[in-house]
Amino acid sequence: MPELPEVETITRGLKKLVVGKRITGIEIKFPKIINLAPAEFKKHTINATVKAAERRAKLIIMHLSNGYTIGIHLKIAGRLLYLKRNVPVVKHTHVIFHLNDKHDLRFWDMRKFGYVRIYPTSEINNGFHLNDYGPEPLEKSFTLEKLKELLKRRQNTRIKPLLLDQGFIAGIGNLYADEILFYSKVHPLRRVHTLKENEIKKIFQGIKKILPDAIRKKGSSFDLYLDVKGNAGTYANYLKAYSREGERCFGCKGLINRIKIGSRSAYFCPKCQK
């Protein structure tokens, strides 16, 4: 699933390529992806200009000039691609926004778990449940003291599932949680009340280092993720733990293990992470 670095990469691409463009038409090939009847959805989008693009957690948000806002969630396998209109439309392309620069913005999702929804801008907090998300980890307001404050409320929770909880911190998913915990040398099954001061500090430093590094490398392309131009990210080449079961740890040279925590896998080094 695309996580914060991948969604941020896509959002930055939209700011460069789509903001300021007018939507001249829409094709809706799979109506279950949207939240309104196709005619109603089109009425609120066609002839509107994309004023701004932003990210909240793993949600892509596009504000329109007509007082409406589009939210796009890629879920497990979605893509949002900016393509010339003459590029053939491939299977699993569910929504196509025609833009006034002879390009399309195409939402593709082989698994059909993602969505494209629209609400009046004044209603997006409720429509997209924005207030349910925790703090954005890359904002200046997310400090070490803020992390400590959040952890105090969840003393008996295991650290890996907690990092995945979007109500705790926004945007971190399975891949980056594993990388953050490897960086901090903390075992994914540790409960919060067992974490020492220096371990909490290392988790904080890992969040502030790894997520920006991944954004600079345009994200991690596992499975289906691509940026808006259809390019793969390169951060997967730098992973230390995620998806490396049976490979040598870059620290102690032991083997990376994998365990299940609930329905999710956790990759870690049993020698380095305590």
# chains A, B, ... in the order shown; residues from 1 in each chain; ligands from 1

call {"tool": "select_by_dssp", "arguments": {"residues": "range 129-208 of chain A", "states": "alpha helix (DSSP H)", "output": "PyMOL selection string"}}
result
chain A and resi 144-152+159-164+174-184+197-208

call {"tool": "residues_around", "arguments": {"residues": "Leu144 in chain A", "least_positions_apart": "2", "cutoff": "9 Å", "atoms": "only C-alpha atoms", "output": "list in words"}}
result
Phe142, Lys146, Leu147, Lys148, Glu149, Ile200, Lys201, Phe204 and Gln205 of chain A

call {"tool": "closest_residue", "arguments": {"among": "A:Val7, A:Leu164, A:Leu211, A:Leu151", "to": "His73 in chain A", "atoms": "only C-alpha atoms"}}
result
A:Val7

call {"tool": "residues_around", "arguments": {"residues": "Asp213 in chain A", "least_positions_apart": "2", "cutoff": "12 Å", "atoms": "only C-alpha atoms", "output": "ChimeraX atom specification"}}
result
/A:4-6,9,138,176,179-180,206-211,215-220,233-236,238-239

call {"tool": "write_last_selection", "arguments": {"atoms": "C-alpha atoms", "output": "PDB file, in the first residue's frame"}}
result
ATOM      1  CA  LEU A   4       3.170   8.730   3.409  1.00  0.00           C
ATOM      2  CA  PRO A   5       6.292   9.061   1.191  1.00  0.00           C
ATOM      3  CA  GLU A   6       4.534   7.637  -1.868  1.00  0.00           C
ATOM      4  CA  THR A   9       5.436  12.164  -3.931  1.00  0.00           C
ATOM      5  CA  LEU A 138       6.755  15.720   9.201  1.00  0.00           C
ATOM      6  CA  TYR A 176       8.093   2.422   7.101  1.00  0.00           C
ATOM      7  CA  GLU A 179      12.285   0.616   8.868  1.00  0.00           C
ATOM      8  CA  ILE A 180      11.763   3.038  11.759  1.00  0.00           C
ATOM      9  CA  GLY A 206      13.883   7.454  12.705  1.00  0.00           C
ATOM     10  CA  ILE A 207      10.543   9.011  11.761  1.00  0.00           C
ATOM     11  CA  LYS A 208      12.173  12.375  11.015  1.00  0.00           C
ATOM     12  CA  LYS A 209      14.997  10.797   8.981  1.00  0.00           C
ATOM     13  CA  ILE A 210      13.457   7.874   7.096  1.00  0.00           C
ATOM     14  CA  LEU A 211      10.251   9.490   5.815  1.00  0.00           C
ATOM     15  CA  ILE A 215      10.293  11.203  -0.250  1.00  0.00           C
ATOM     16  CA  ARG A 216      13.587  12.386  -1.769  1.00  0.00           C
ATOM     17  CA  LYS A 217      13.851   9.003  -3.489  1.00  0.00           C
ATOM     18  CA  LYS A 218      10.219   9.223  -4.705  1.00  0.00           C
ATOM     19  CA  GLY A 219       8.997   6.431  -2.443  1.00  0.00           C
ATOM     20  CA  SER A 220       9.334   2.649  -2.464  1.00  0.00           C
ATOM     21  CA  GLY A 233      10.477   5.188  -6.657  1.00  0.00           C
ATOM     22  CA  THR A 234      13.951   4.016  -5.643  1.00  0.00           C
ATOM     23  CA  TYR A 235      13.804   3.856  -1.838  1.00  0.00           C
ATOM     24  CA  ALA A 236      13.182   0.086  -1.967  1.00  0.00           C
ATOM     25  CA  TYR A 238      17.753   1.195   0.615  1.00  0.00           C
ATOM     26  CA  LEU A 239      15.480  -0.854   2.875  1.00  0.00           C
TER      27      LEU A 239
END

call {"tool": "residues_around", "arguments": {"residues": "range 241-255 of chain A", "least_positions_apart": "2", "cutoff": "7 Å", "atoms": "only C-alpha atoms", "output": "number ranges by chain"}}
result
A: 175, 178-179, 182, 239, 257-258, 267-269, 272

call {"tool": "atom_distance", "arguments": {"atom1": "CA of His63 in chain A", "atom2": "CA of Thr11 in chain A"}}
result
12.1 Å

call {"tool": "closest_residue", "arguments": {"among": "A:Pro212, A:Ala232, A:Ile259, A:Leu226", "to": "Pro188 in chain A", "atoms": "only C-alpha atoms"}}
result
A:Ile259

call {"tool": "residues_around", "arguments": {"residues": "Leu74 in chain A", "least_positions_apart": "2", "cutoff": "8 Å", "atoms": "only C-alpha atoms", "output": "PyMOL selection string"}}
result
chain A and resi 1-2+58-59+72+76-80+109+113-115

call {"tool": "select_by_dssp", "arguments": {"residues": "range 64-107 of chain A", "states": "strand (DSSP E)", "output": "PDB file with C-alpha atoms, in the first residue's frame"}}
result
ATOM      1  CA  LEU A  64     -11.432  22.920  -6.908  1.00  0.00           C
ATOM      2  CA  TYR A  68     -15.757  21.405  -3.986  1.00  0.00           C
ATOM      3  CA  THR A  69     -12.891  19.122  -3.003  1.00  0.00           C
ATOM      4  CA  ILE A  70     -11.900  15.744  -4.419  1.00  0.00           C
ATOM      5  CA  GLY A  71     -10.301  13.120  -2.171  1.00  0.00           C
ATOM      6  CA  ILE A  72      -8.453  10.154  -3.641  1.00  0.00           C
ATOM      7  CA  HIS A  73      -7.283   7.157  -1.627  1.00  0.00           C
ATOM      8  CA  GLY A  78      -4.118   2.347  -6.731  1.00  0.00           C
ATOM      9  CA  ARG A  79      -2.269   4.677  -9.089  1.00  0.00           C
ATOM     10  CA  LEU A  80      -2.907   8.255 -10.128  1.00  0.00           C
ATOM     11  CA  LEU A  81      -1.268   8.972 -13.469  1.00  0.00           C
ATOM     12  CA  TYR A  82      -0.855  12.170 -15.489  1.00  0.00           C
ATOM     13  CA  LEU A  83      -0.768  11.066 -19.122  1.00  0.00           C
ATOM     14  CA  LYS A  84      -1.141  12.534 -22.586  1.00  0.00           C
ATOM     15  CA  THR A  93      -8.593   2.499 -15.277  1.00  0.00           C
ATOM     16  CA  HIS A  94     -11.758   3.534 -13.429  1.00  0.00           C
ATOM     17  CA  VAL A  95     -11.909   7.349 -13.504  1.00  0.00           C
ATOM     18  CA  ILE A  96     -10.400   9.706 -16.088  1.00  0.00           C
ATOM     19  CA  PHE A  97     -10.233  13.479 -15.618  1.00  0.00           C
ATOM     20  CA  HIS A  98      -9.679  15.262 -18.938  1.00  0.00           C
ATOM     21  CA  LEU A  99      -7.634  18.437 -18.454  1.00  0.00           C
ATOM     22  CA  HIS A 103      -3.560  15.472 -20.709  1.00  0.00           C
ATOM     23  CA  ASP A 104      -5.591  13.175 -18.471  1.00  0.00           C
ATOM     24  CA  LEU A 105      -5.406  12.409 -14.783  1.00  0.00           C
ATOM     25  CA  ARG A 106      -6.270   8.709 -14.585  1.00  0.00           C
ATOM     26  CA  PHE A 107      -7.168   6.696 -11.503  1.00  0.00           C
TER      27      PHE A 107
END

call {"tool": "atom_distance", "arguments": {"atom1": "CA of Leu130 in chain A", "atom2": "CA of Ile60 in chain A"}}
result
11.6 Å

call {"tool": "residues_around", "arguments": {"residues": "Lys152 in chain A", "least_positions_apart": "6", "cutoff": "12 Å", "atoms": "only C-alpha atoms", "output": "JSON, numbers by chain"}}
result
{"A": [145, 146, 168, 191, 192, 193, 194, 195, 200]}

call {"tool": "residues_around", "arguments": {"residues": "Thr24 in chain A", "least_positions_apart": "2", "cutoff": "9 Å", "atoms": "only C-alpha atoms", "output": "JSON, numbers by chain"}}
result
{"A": [22, 26, 45, 46, 47, 48, 97, 98, 99, 100]}
